[in-house]
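Text of target33.txt, listed as compact mmCIF, N, CA and C atoms:
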# COMPACT_ATOMS: atom_id res chain seq x y z
N GLY A 1 81.49 -9.26 -18.41
CA GLY A 1 82.47 -9.81 -19.32
C GLY A 1 82.02 -9.63 -20.74
N GLU A 2 82.93 -9.81 -21.65
CA GLU A 2 82.60 -9.69 -23.06
C GLU A 2 82.46 -11.06 -23.67
N GLY A 3 81.69 -11.15 -24.72
CA GLY A 3 81.52 -12.41 -25.40
C GLY A 3 81.40 -12.20 -26.89
N GLY A 4 81.62 -13.24 -27.62
CA GLY A 4 81.47 -13.18 -29.06
C GLY A 4 80.73 -14.41 -29.53
N VAL A 5 79.98 -14.25 -30.56
CA VAL A 5 79.24 -15.38 -31.09
C VAL A 5 79.38 -15.39 -32.60
N ALA A 6 79.57 -16.56 -33.14
CA ALA A 6 79.60 -16.71 -34.59
C ALA A 6 78.70 -17.88 -34.94
N GLY A 7 77.69 -17.65 -35.73
CA GLY A 7 76.76 -18.72 -36.07
C GLY A 7 76.84 -19.10 -37.52
N ALA A 8 77.10 -20.33 -37.79
CA ALA A 8 77.09 -20.83 -39.15
C ALA A 8 75.80 -21.60 -39.36
N GLY A 9 75.30 -21.57 -40.57
CA GLY A 9 74.08 -22.31 -40.86
C GLY A 9 72.85 -21.56 -40.41
N ALA A 10 72.86 -20.26 -40.58
CA ALA A 10 71.68 -19.47 -40.23
C ALA A 10 70.52 -19.87 -41.13
N GLN A 11 69.35 -19.78 -40.59
CA GLN A 11 68.15 -20.18 -41.33
C GLN A 11 67.16 -19.03 -41.27
N GLY A 12 66.62 -18.63 -42.38
CA GLY A 12 65.68 -17.52 -42.41
C GLY A 12 64.31 -17.90 -41.92
N GLY A 13 63.84 -17.23 -40.89
CA GLY A 13 62.50 -17.45 -40.36
C GLY A 13 62.25 -18.89 -40.02
N SER A 14 61.06 -19.35 -40.36
CA SER A 14 60.74 -20.74 -40.07
C SER A 14 60.86 -21.61 -41.31
N THR A 15 61.52 -21.10 -42.33
CA THR A 15 61.69 -21.86 -43.55
C THR A 15 62.65 -23.01 -43.32
N ALA A 16 62.18 -24.20 -43.47
CA ALA A 16 63.02 -25.38 -43.23
C ALA A 16 63.81 -25.69 -44.49
N SER A 17 65.02 -26.13 -44.31
CA SER A 17 65.87 -26.52 -45.42
C SER A 17 65.81 -28.03 -45.58
N SER A 18 65.88 -28.50 -46.83
CA SER A 18 65.88 -29.94 -47.04
C SER A 18 67.20 -30.54 -46.58
N ASN A 19 68.25 -29.73 -46.53
CA ASN A 19 69.55 -30.18 -46.04
C ASN A 19 69.99 -29.22 -44.94
N PRO A 20 69.84 -29.60 -43.67
CA PRO A 20 70.15 -28.69 -42.58
C PRO A 20 71.64 -28.38 -42.43
N PHE A 21 72.51 -29.09 -43.16
CA PHE A 21 73.94 -28.87 -43.03
C PHE A 21 74.52 -28.04 -44.17
N LYS A 22 73.68 -27.58 -45.08
CA LYS A 22 74.22 -26.78 -46.18
C LYS A 22 74.45 -25.33 -45.72
N LYS A 23 75.25 -24.63 -46.48
CA LYS A 23 75.60 -23.24 -46.18
C LYS A 23 74.37 -22.35 -46.37
N ALA A 24 74.20 -21.40 -45.49
CA ALA A 24 73.06 -20.49 -45.56
C ALA A 24 73.18 -19.57 -46.77
N GLN A 25 72.05 -19.21 -47.31
CA GLN A 25 71.99 -18.26 -48.41
C GLN A 25 72.16 -16.85 -47.85
N PRO A 26 72.56 -15.87 -48.69
CA PRO A 26 72.75 -14.50 -48.20
C PRO A 26 71.51 -13.92 -47.50
N ALA A 27 70.33 -14.20 -48.00
CA ALA A 27 69.10 -13.69 -47.37
C ALA A 27 68.90 -14.30 -45.99
N GLN A 28 69.25 -15.56 -45.83
CA GLN A 28 69.13 -16.21 -44.53
C GLN A 28 70.13 -15.63 -43.53
N LEU A 29 71.33 -15.35 -43.99
CA LEU A 29 72.35 -14.75 -43.14
C LEU A 29 71.93 -13.34 -42.71
N GLU A 30 71.36 -12.59 -43.63
CA GLU A 30 70.86 -11.24 -43.30
C GLU A 30 69.73 -11.31 -42.29
N PHE A 31 68.83 -12.30 -42.45
CA PHE A 31 67.75 -12.48 -41.49
C PHE A 31 68.30 -12.75 -40.09
N ALA A 32 69.30 -13.63 -40.01
CA ALA A 32 69.90 -13.95 -38.71
C ALA A 32 70.56 -12.71 -38.11
N LEU A 33 71.23 -11.93 -38.93
CA LEU A 33 71.88 -10.71 -38.45
C LEU A 33 70.86 -9.75 -37.85
N GLN A 34 69.78 -9.51 -38.56
CA GLN A 34 68.74 -8.60 -38.07
C GLN A 34 68.06 -9.14 -36.81
N GLN A 35 67.81 -10.44 -36.78
CA GLN A 35 67.18 -11.07 -35.63
C GLN A 35 68.06 -10.93 -34.38
N LEU A 36 69.37 -11.16 -34.55
CA LEU A 36 70.30 -11.05 -33.43
C LEU A 36 70.43 -9.60 -32.95
N LYS A 37 70.38 -8.65 -33.87
CA LYS A 37 70.42 -7.24 -33.47
C LYS A 37 69.28 -6.92 -32.52
N GLU A 38 68.12 -7.49 -32.80
CA GLU A 38 66.93 -7.24 -31.98
C GLU A 38 66.95 -8.04 -30.67
N GLU A 39 67.42 -9.30 -30.72
CA GLU A 39 67.30 -10.20 -29.57
C GLU A 39 68.44 -10.14 -28.56
N LEU A 40 69.66 -9.94 -29.02
CA LEU A 40 70.80 -10.02 -28.09
C LEU A 40 70.70 -9.07 -26.90
N PRO A 41 70.28 -7.82 -27.09
CA PRO A 41 70.20 -6.94 -25.90
C PRO A 41 69.25 -7.46 -24.82
N PHE A 42 68.31 -8.31 -25.18
CA PHE A 42 67.31 -8.81 -24.23
C PHE A 42 67.50 -10.29 -23.90
N PHE A 43 68.64 -10.86 -24.30
CA PHE A 43 68.89 -12.29 -24.12
C PHE A 43 68.77 -12.73 -22.67
N LEU A 44 69.33 -11.98 -21.74
CA LEU A 44 69.30 -12.39 -20.33
C LEU A 44 67.93 -12.21 -19.70
N VAL A 45 67.09 -11.40 -20.29
CA VAL A 45 65.75 -11.16 -19.76
C VAL A 45 64.74 -12.14 -20.33
N GLY A 46 64.80 -12.36 -21.64
CA GLY A 46 63.76 -13.15 -22.26
C GLY A 46 64.20 -14.34 -23.07
N GLY A 47 65.46 -14.69 -23.03
CA GLY A 47 65.90 -15.84 -23.79
C GLY A 47 66.30 -15.48 -25.20
N HIS A 48 66.33 -16.47 -26.05
CA HIS A 48 66.89 -16.33 -27.39
C HIS A 48 66.15 -17.27 -28.33
N SER A 49 65.67 -16.75 -29.44
CA SER A 49 64.97 -17.56 -30.42
C SER A 49 65.95 -18.44 -31.18
N MET A 50 65.60 -19.68 -31.36
CA MET A 50 66.48 -20.61 -32.07
C MET A 50 65.99 -20.87 -33.50
N ASN A 51 64.94 -20.18 -33.93
CA ASN A 51 64.35 -20.49 -35.24
C ASN A 51 65.22 -20.04 -36.41
N MET A 52 66.28 -19.30 -36.15
CA MET A 52 67.12 -18.82 -37.25
C MET A 52 68.28 -19.76 -37.56
N TYR A 53 68.46 -20.82 -36.78
CA TYR A 53 69.61 -21.70 -36.92
C TYR A 53 69.25 -23.04 -37.53
N THR A 54 70.24 -23.63 -38.19
CA THR A 54 70.11 -25.01 -38.66
C THR A 54 70.97 -25.88 -37.75
N GLU A 55 71.03 -27.14 -38.05
CA GLU A 55 71.75 -28.10 -37.20
C GLU A 55 73.25 -27.84 -37.11
N ASN A 56 73.81 -27.09 -38.05
CA ASN A 56 75.26 -26.89 -38.03
C ASN A 56 75.67 -25.55 -37.44
N VAL A 57 74.86 -25.00 -36.56
CA VAL A 57 75.23 -23.76 -35.89
C VAL A 57 76.53 -23.96 -35.12
N CYS A 58 77.36 -22.92 -35.08
CA CYS A 58 78.63 -22.98 -34.38
C CYS A 58 78.72 -21.76 -33.48
N PHE A 59 79.02 -21.97 -32.21
CA PHE A 59 79.18 -20.88 -31.25
C PHE A 59 80.63 -20.83 -30.81
N GLU A 60 81.28 -19.70 -31.06
CA GLU A 60 82.65 -19.50 -30.60
C GLU A 60 82.60 -18.65 -29.35
N ASN A 61 82.98 -19.24 -28.25
CA ASN A 61 82.91 -18.57 -26.96
C ASN A 61 84.16 -17.75 -26.73
N GLY A 62 83.99 -16.44 -26.64
CA GLY A 62 85.10 -15.55 -26.38
C GLY A 62 85.02 -14.93 -25.00
N MET A 63 84.24 -15.52 -24.10
CA MET A 63 84.03 -14.95 -22.77
C MET A 63 85.11 -15.32 -21.78
N PHE A 64 85.86 -16.34 -22.07
CA PHE A 64 86.86 -16.83 -21.14
C PHE A 64 88.23 -16.75 -21.79
N PRO A 65 89.29 -16.81 -20.99
CA PRO A 65 90.64 -16.76 -21.58
C PRO A 65 90.90 -17.86 -22.59
N ILE A 66 90.29 -19.03 -22.39
CA ILE A 66 90.44 -20.13 -23.34
C ILE A 66 89.21 -20.12 -24.25
N ARG A 67 89.43 -19.88 -25.53
CA ARG A 67 88.32 -19.87 -26.49
C ARG A 67 87.98 -21.30 -26.89
N TYR A 68 86.70 -21.55 -27.08
CA TYR A 68 86.29 -22.86 -27.55
C TYR A 68 85.06 -22.73 -28.44
N LYS A 69 84.82 -23.74 -29.24
CA LYS A 69 83.69 -23.77 -30.16
C LYS A 69 82.72 -24.86 -29.74
N THR A 70 81.44 -24.55 -29.89
CA THR A 70 80.39 -25.53 -29.71
C THR A 70 79.74 -25.70 -31.08
N LYS A 71 79.62 -26.93 -31.54
CA LYS A 71 79.02 -27.17 -32.85
C LYS A 71 77.76 -28.01 -32.68
N GLY A 72 76.72 -27.62 -33.40
CA GLY A 72 75.47 -28.34 -33.38
C GLY A 72 74.40 -27.60 -32.59
N LEU A 73 73.18 -27.66 -33.06
CA LEU A 73 72.07 -26.93 -32.46
C LEU A 73 71.78 -27.38 -31.03
N LEU A 74 71.82 -28.66 -30.76
CA LEU A 74 71.56 -29.14 -29.41
C LEU A 74 72.58 -28.57 -28.42
N TRP A 75 73.87 -28.64 -28.76
CA TRP A 75 74.91 -28.13 -27.86
C TRP A 75 74.82 -26.62 -27.71
N TYR A 76 74.45 -25.94 -28.79
CA TYR A 76 74.28 -24.48 -28.72
C TYR A 76 73.15 -24.13 -27.74
N ARG A 77 72.02 -24.82 -27.89
CA ARG A 77 70.89 -24.57 -26.98
C ARG A 77 71.26 -24.82 -25.52
N LEU A 78 71.92 -25.95 -25.28
CA LEU A 78 72.32 -26.29 -23.91
C LEU A 78 73.29 -25.26 -23.34
N GLN A 79 74.23 -24.83 -24.14
CA GLN A 79 75.20 -23.84 -23.67
C GLN A 79 74.52 -22.51 -23.37
N MET A 80 73.61 -22.08 -24.22
CA MET A 80 72.92 -20.81 -24.01
C MET A 80 72.04 -20.87 -22.76
N MET A 81 71.35 -21.99 -22.56
CA MET A 81 70.52 -22.14 -21.36
C MET A 81 71.38 -22.14 -20.11
N ALA A 82 72.49 -22.85 -20.13
CA ALA A 82 73.38 -22.91 -18.97
C ALA A 82 73.99 -21.54 -18.68
N PHE A 83 74.47 -20.88 -19.71
CA PHE A 83 75.07 -19.56 -19.52
C PHE A 83 74.07 -18.59 -18.91
N ARG A 84 72.88 -18.56 -19.47
CA ARG A 84 71.85 -17.64 -18.98
C ARG A 84 71.47 -17.96 -17.53
N SER A 85 71.31 -19.23 -17.21
CA SER A 85 70.93 -19.63 -15.86
C SER A 85 72.00 -19.27 -14.84
N VAL A 86 73.24 -19.61 -15.14
CA VAL A 86 74.34 -19.32 -14.22
C VAL A 86 74.52 -17.82 -14.06
N TRP A 87 74.47 -17.09 -15.17
CA TRP A 87 74.64 -15.64 -15.10
C TRP A 87 73.58 -15.01 -14.20
N LEU A 88 72.34 -15.43 -14.35
CA LEU A 88 71.25 -14.82 -13.58
C LEU A 88 71.30 -15.19 -12.09
N VAL A 89 71.93 -16.30 -11.74
CA VAL A 89 72.08 -16.67 -10.33
C VAL A 89 72.99 -15.67 -9.62
N PHE A 90 74.03 -15.24 -10.32
CA PHE A 90 75.04 -14.38 -9.69
C PHE A 90 74.88 -12.89 -10.01
N ASN A 91 74.08 -12.55 -10.98
CA ASN A 91 73.95 -11.16 -11.42
C ASN A 91 72.48 -10.79 -11.58
N LYS A 92 72.09 -9.73 -10.95
CA LYS A 92 70.72 -9.23 -11.07
C LYS A 92 70.71 -7.95 -11.89
N ASP A 93 69.59 -7.64 -12.48
CA ASP A 93 69.43 -6.43 -13.28
C ASP A 93 70.54 -6.28 -14.32
N THR A 94 70.76 -7.33 -15.06
CA THR A 94 71.82 -7.34 -16.06
C THR A 94 71.27 -6.93 -17.42
N THR A 95 72.07 -6.17 -18.13
CA THR A 95 71.74 -5.83 -19.51
C THR A 95 72.91 -6.23 -20.40
N ILE A 96 72.63 -6.37 -21.67
CA ILE A 96 73.67 -6.67 -22.64
C ILE A 96 73.80 -5.48 -23.57
N ASN A 97 75.01 -4.98 -23.67
CA ASN A 97 75.33 -3.92 -24.62
C ASN A 97 75.91 -4.57 -25.87
N LEU A 98 75.27 -4.35 -26.99
CA LEU A 98 75.76 -4.88 -28.26
C LEU A 98 76.82 -3.92 -28.78
N LEU A 99 78.08 -4.34 -28.74
CA LEU A 99 79.20 -3.48 -29.13
C LEU A 99 79.34 -3.39 -30.64
N SER A 100 79.21 -4.52 -31.31
CA SER A 100 79.25 -4.55 -32.78
C SER A 100 78.65 -5.86 -33.26
N ILE A 101 78.14 -5.81 -34.48
CA ILE A 101 77.60 -7.02 -35.09
C ILE A 101 77.77 -6.88 -36.60
N GLY A 102 78.14 -7.96 -37.23
CA GLY A 102 78.34 -7.96 -38.67
C GLY A 102 78.28 -9.38 -39.19
N LYS A 103 78.47 -9.50 -40.50
CA LYS A 103 78.42 -10.84 -41.09
C LYS A 103 79.62 -11.06 -42.00
N ASP A 104 80.00 -12.30 -42.11
CA ASP A 104 81.06 -12.74 -43.00
C ASP A 104 80.40 -13.72 -43.96
N ALA A 105 80.02 -13.21 -45.12
CA ALA A 105 79.26 -14.01 -46.08
C ALA A 105 80.08 -15.18 -46.62
N ASP A 106 81.40 -15.01 -46.73
CA ASP A 106 82.24 -16.09 -47.25
C ASP A 106 82.25 -17.30 -46.31
N ARG A 107 82.34 -17.04 -45.01
CA ARG A 107 82.36 -18.14 -44.03
C ARG A 107 80.97 -18.43 -43.49
N CYS A 108 79.98 -17.64 -43.91
CA CYS A 108 78.59 -17.83 -43.48
C CYS A 108 78.45 -17.65 -41.97
N PHE A 109 79.03 -16.58 -41.44
CA PHE A 109 79.01 -16.30 -40.01
C PHE A 109 78.38 -14.95 -39.73
N VAL A 110 77.69 -14.88 -38.61
CA VAL A 110 77.30 -13.61 -38.00
C VAL A 110 78.18 -13.49 -36.77
N VAL A 111 78.88 -12.38 -36.66
CA VAL A 111 79.80 -12.18 -35.55
C VAL A 111 79.31 -11.01 -34.72
N ALA A 112 79.12 -11.25 -33.43
CA ALA A 112 78.65 -10.20 -32.52
C ALA A 112 79.63 -10.07 -31.37
N ARG A 113 79.93 -8.84 -31.02
CA ARG A 113 80.69 -8.55 -29.80
C ARG A 113 79.73 -7.86 -28.86
N TRP A 114 79.66 -8.38 -27.65
CA TRP A 114 78.72 -7.81 -26.68
C TRP A 114 79.34 -7.79 -25.30
N GLN A 115 78.73 -7.02 -24.44
CA GLN A 115 79.22 -6.88 -23.07
C GLN A 115 78.02 -6.98 -22.14
N ALA A 116 78.13 -7.87 -21.15
CA ALA A 116 77.08 -8.00 -20.13
C ALA A 116 77.43 -7.07 -18.98
N VAL A 117 76.46 -6.27 -18.56
CA VAL A 117 76.69 -5.32 -17.48
C VAL A 117 75.63 -5.58 -16.41
N GLY A 118 76.08 -5.79 -15.18
CA GLY A 118 75.12 -6.02 -14.12
C GLY A 118 75.76 -6.28 -12.80
Could you write out this file's structure as structure tokens?
Amino acid sequence: GEGGVAGAGAQGGSTASSNPFKKAQPAQLEFALQQLKEELPFFLVGGHSMNMYTENVCFENGMFPIRYKTKGLLWYRLQMMAFRSVWLVFNKDTTINLLSIGKDADRCFVVARWQAVG
């Protein structure tokens, strides 16, 4: 299936922000974009680093006919762990093809389109 992710509140590296709910700076958004380019293809094999996100991360799920948003780092982590666990129960030798990835600096989003094959 295909999925899409949009993350708001990207955080560059391990640099902590004094206000975790403020909008990410352009350099932080670029860091998140580059990090996701490297990590997404291996998400189902090795997990996903959460060090690029702040508390206001938003995940827009485009994998199902009904789209929904998850807001907050805790809910994002739980959803990613659940998705990965369930996917691996039913699918072996799965890879993720990164179809496209880009950023929307005005909305402070990184948008990725990907396809899981397995």
What does the distance from atom N of Leu74 in chain A to CA of Gly47 in chain A come to in Å, to one decimal?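 Distance reported for this atom pair: 15.7 Å.
Among A:Ile66, A:Ile101, A:Cys108, A:Leu40, the residue with the shortest atom-to-atom distance to Pro26 in chain A, counting only C-alpha atoms, is A:Cys108.
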Hey, which of A:Ser49, A:Gln115, A:Thr94, A:Gln34 ends up closest to Leu73 in chain A? Count only C-alpha atoms. A:Ser49
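Counting from atom C of Gly62 in chain A, the distance to CA of Val111 in chain A is 12.1 Å.
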Identify which of the residues A:Ser100, A:Phe109, A:Leu78, A:Val86 lies closest to Gln28 in chain A, counting only C-alpha atoms when measuring atom-to-atom distances.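 Of A:Ser100, A:Phe109, A:Leu78, A:Val86, the one nearest Gln28 in chain A is A:Phe109, counting only C-alpha atoms.
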To one decimal place, how far is CA of Ala82 in chain A from CA of Asn51 in chain A in Å?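 Here the two named atoms are 18.8 Å from each other.
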Residue contacts of Ala105 in chain A (8 Å, all atoms listed in the file) excluding same-chain residues fewer than 5 positions away, as a list in words: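 My list of contacting residues is Gln25, Pro26, Leu29 and Val110 of chain A.
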For the residues in that selection, give me N, CA and C atoms as a PDB file, in the frame of the given file.
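selection_39.pdb, written as the output of this step:
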ATOM      1  N   GLN A  25      72.050 -19.210 -47.310  1.00  0.00           N
ATOM      2  CA  GLN A  25      71.990 -18.260 -48.410  1.00  0.00           C
ATOM      3  C   GLN A  25      72.160 -16.850 -47.850  1.00  0.00           C
ATOM      4  N   PRO A  26      72.560 -15.870 -48.690  1.00  0.00           N
ATOM      5  CA  PRO A  26      72.750 -14.500 -48.200  1.00  0.00           C
ATOM      6  C   PRO A  26      71.510 -13.920 -47.500  1.00  0.00           C
ATOM      7  N   LEU A  29      71.330 -15.350 -43.990  1.00  0.00           N
ATOM      8  CA  LEU A  29      72.350 -14.750 -43.140  1.00  0.00           C
ATOM      9  C   LEU A  29      71.930 -13.340 -42.710  1.00  0.00           C
ATOM     10  N   VAL A 110      77.690 -14.880 -38.610  1.00  0.00           N
ATOM     11  CA  VAL A 110      77.300 -13.610 -38.000  1.00  0.00           C
ATOM     12  C   VAL A 110      78.180 -13.490 -36.770  1.00  0.00           C
TER      13      VAL A 110
END
Would you please extract all helix (DSSP H, G or I) residues from range 18-111 of chain A, as assigned by DSSP on the backbone, and give them as a PyMOL selection string? chain A and resi 26-46+73-90
Range 96-98 of chain A environment, 8 Å, only N, CA and C atoms, sequence neighbours closer than 4 positions dropped, as a list in words: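 Once the adjacent positions are removed, what remains is Lys37, Leu40, Pro41, Phe42, Phe43, Leu44, Val45, Ala112, Arg113, Trp114, Gln115, Ala116, Val117 and Gly118 of chain A.
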Please, could you write that set of residues out with N, CA and C atoms as a PDB file, in the coordinates of the input?
ATOM      1  N   LYS A  37      70.380  -8.650 -33.870  1.00  0.00           N
ATOM      2  CA  LYS A  37      70.420  -7.240 -33.470  1.00  0.00           C
ATOM      3  C   LYS A  37      69.280  -6.920 -32.520  1.00  0.00           C
ATOM      4  N   LEU A  40      69.660  -9.940 -29.020  1.00  0.00           N
ATOM      5  CA  LEU A  40      70.800 -10.020 -28.090  1.00  0.00           C
ATOM      6  C   LEU A  40      70.700  -9.070 -26.900  1.00  0.00           C
ATOM      7  N   PRO A  41      70.280  -7.820 -27.090  1.00  0.00           N
ATOM      8  CA  PRO A  41      70.200  -6.940 -25.900  1.00  0.00           C
ATOM      9  C   PRO A  41      69.250  -7.460 -24.820  1.00  0.00           C
ATOM     10  N   PHE A  42      68.310  -8.310 -25.180  1.00  0.00           N
ATOM     11  CA  PHE A  42      67.310  -8.810 -24.230  1.00  0.00           C
ATOM     12  C   PHE A  42      67.500 -10.290 -23.900  1.00  0.00           C
ATOM     13  N   PHE A  43      68.640 -10.860 -24.300  1.00  0.00           N
ATOM     14  CA  PHE A  43      68.890 -12.290 -24.120  1.00  0.00           C
ATOM     15  C   PHE A  43      68.770 -12.730 -22.670  1.00  0.00           C
ATOM     16  N   LEU A  44      69.330 -11.980 -21.740  1.00  0.00           N
ATOM     17  CA  LEU A  44      69.300 -12.390 -20.330  1.00  0.00           C
ATOM     18  C   LEU A  44      67.930 -12.210 -19.700  1.00  0.00           C
ATOM     19  N   VAL A  45      67.090 -11.400 -20.290  1.00  0.00           N
ATOM     20  CA  VAL A  45      65.750 -11.160 -19.760  1.00  0.00           C
ATOM     21  C   VAL A  45      64.740 -12.140 -20.330  1.00  0.00           C
ATOM     22  N   ALA A 112      79.120 -11.250 -33.430  1.00  0.00           N
ATOM     23  CA  ALA A 112      78.650 -10.200 -32.520  1.00  0.00           C
ATOM     24  C   ALA A 112      79.630 -10.070 -31.370  1.00  0.00           C
ATOM     25  N   ARG A 113      79.930  -8.840 -31.020  1.00  0.00           N
ATOM     26  CA  ARG A 113      80.690  -8.550 -29.800  1.00  0.00           C
ATOM     27  C   ARG A 113      79.730  -7.860 -28.860  1.00  0.00           C
ATOM     28  N   TRP A 114      79.660  -8.380 -27.650  1.00  0.00           N
ATOM     29  CA  TRP A 114      78.720  -7.810 -26.680  1.00  0.00           C
ATOM     30  C   TRP A 114      79.340  -7.790 -25.300  1.00  0.00           C
ATOM     31  N   GLN A 115      78.730  -7.020 -24.440  1.00  0.00           N
ATOM     32  CA  GLN A 115      79.220  -6.880 -23.070  1.00  0.00           C
ATOM     33  C   GLN A 115      78.020  -6.980 -22.140  1.00  0.00           C
ATOM     34  N   ALA A 116      78.130  -7.870 -21.150  1.00  0.00           N
ATOM     35  CA  ALA A 116      77.080  -8.000 -20.130  1.00  0.00           C
ATOM     36  C   ALA A 116      77.430  -7.070 -18.980  1.00  0.00           C
ATOM     37  N   VAL A 117      76.460  -6.270 -18.560  1.00  0.00           N
ATOM     38  CA  VAL A 117      76.690  -5.320 -17.480  1.00  0.00           C
ATOM     39  C   VAL A 117      75.630  -5.580 -16.410  1.00  0.00           C
ATOM     40  N   GLY A 118      76.080  -5.790 -15.180  1.00  0.00           N
ATOM     41  CA  GLY A 118      75.120  -6.020 -14.120  1.00  0.00           C
ATOM     42  C   GLY A 118      75.760  -6.280 -12.800  1.00  0.00           C
TER      43      GLY A 118
END
Closest to Phe83 in chain A among A:Arg67, A:His48, A:Gly102, A:Ala32, using only C-alpha atoms? A:His48
Residue nearest Phe31 in chain A among A:Met52, A:Met80, A:Gly46, A:Lys71 (counting only C-alpha atoms): A:Met52
Please extract range 38-106 of chain A and write it out with C-alpha atoms, as a compact mmCIF listing (two decimals), in the first residue's frame.
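Listing of result_11.txt after writing:
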# COMPACT_ATOMS: atom_id res chain seq x y z
CA GLU A 38 17.91 8.20 4.49
CA GLU A 39 15.64 6.44 7.03
CA LEU A 40 12.31 5.79 5.29
CA PRO A 41 13.57 3.06 2.92
CA PHE A 42 14.76 1.09 5.98
CA PHE A 43 11.85 1.89 8.32
CA LEU A 44 10.42 -1.63 8.36
CA VAL A 45 13.84 -3.19 8.94
CA GLY A 46 15.36 -0.92 11.53
CA GLY A 47 12.77 1.46 12.87
CA HIS A 48 12.71 5.22 12.72
CA SER A 49 14.65 7.89 14.59
CA MET A 50 12.47 10.30 16.53
CA ASN A 51 15.22 12.83 17.30
CA MET A 52 14.13 15.14 14.47
CA TYR A 53 10.65 15.84 15.87
CA THR A 54 9.25 18.16 18.50
CA GLU A 55 6.09 17.61 20.54
CA ASN A 56 3.85 19.02 17.81
CA VAL A 57 4.65 16.47 15.13
CA CYS A 58 1.67 15.66 12.91
CA PHE A 59 1.26 12.46 10.90
CA GLU A 60 -1.29 12.41 8.10
CA ASN A 61 -2.10 8.82 7.28
CA GLY A 62 -2.83 8.28 3.61
CA MET A 63 -2.63 4.48 3.70
CA PHE A 64 -6.33 3.86 4.11
CA PRO A 65 -9.41 5.13 2.28
CA ILE A 66 -10.23 7.31 5.29
CA ARG A 67 -7.44 9.81 5.94
CA TYR A 68 -6.71 10.84 9.49
CA LYS A 69 -4.16 12.89 11.41
CA THR A 70 -2.24 11.99 14.52
CA LYS A 71 -0.92 14.94 16.50
CA GLY A 72 1.75 14.83 19.16
CA LEU A 73 5.02 12.95 19.52
CA LEU A 74 3.65 10.24 21.82
CA TRP A 75 0.80 9.37 19.42
CA TYR A 76 3.17 9.47 16.46
CA ARG A 77 5.56 7.04 18.17
CA LEU A 78 2.74 4.69 19.14
CA GLN A 79 1.28 4.72 15.64
CA MET A 80 4.65 4.05 14.00
CA MET A 81 5.40 1.18 16.39
CA ALA A 82 1.95 -0.35 15.82
CA PHE A 83 2.12 0.04 12.05
CA ARG A 84 5.57 -1.52 11.87
CA SER A 85 4.62 -4.42 14.16
CA VAL A 86 1.39 -5.26 12.37
CA TRP A 87 2.99 -4.93 8.94
CA LEU A 88 5.82 -7.29 9.84
CA VAL A 89 3.41 -9.93 11.20
CA PHE A 90 1.71 -10.23 7.83
CA ASN A 91 4.52 -9.33 5.43
CA LYS A 92 8.04 -10.71 5.23
CA ASP A 93 10.98 -9.32 3.27
CA THR A 94 9.30 -5.96 2.87
CA THR A 95 10.98 -2.90 1.45
CA ILE A 96 9.82 0.68 1.19
CA ASN A 97 10.15 2.53 -2.09
CA LEU A 98 10.36 6.27 -1.56
CA LEU A 99 8.27 7.67 -4.43
CA SER A 100 8.76 11.36 -3.64
CA ILE A 101 9.73 13.60 -0.77
CA GLY A 102 9.67 17.35 -0.40
CA LYS A 103 9.02 20.15 2.03
CA ASP A 104 6.44 22.89 2.42
CA ALA A 105 8.28 25.63 4.27
CA ASP A 106 5.14 27.77 4.69
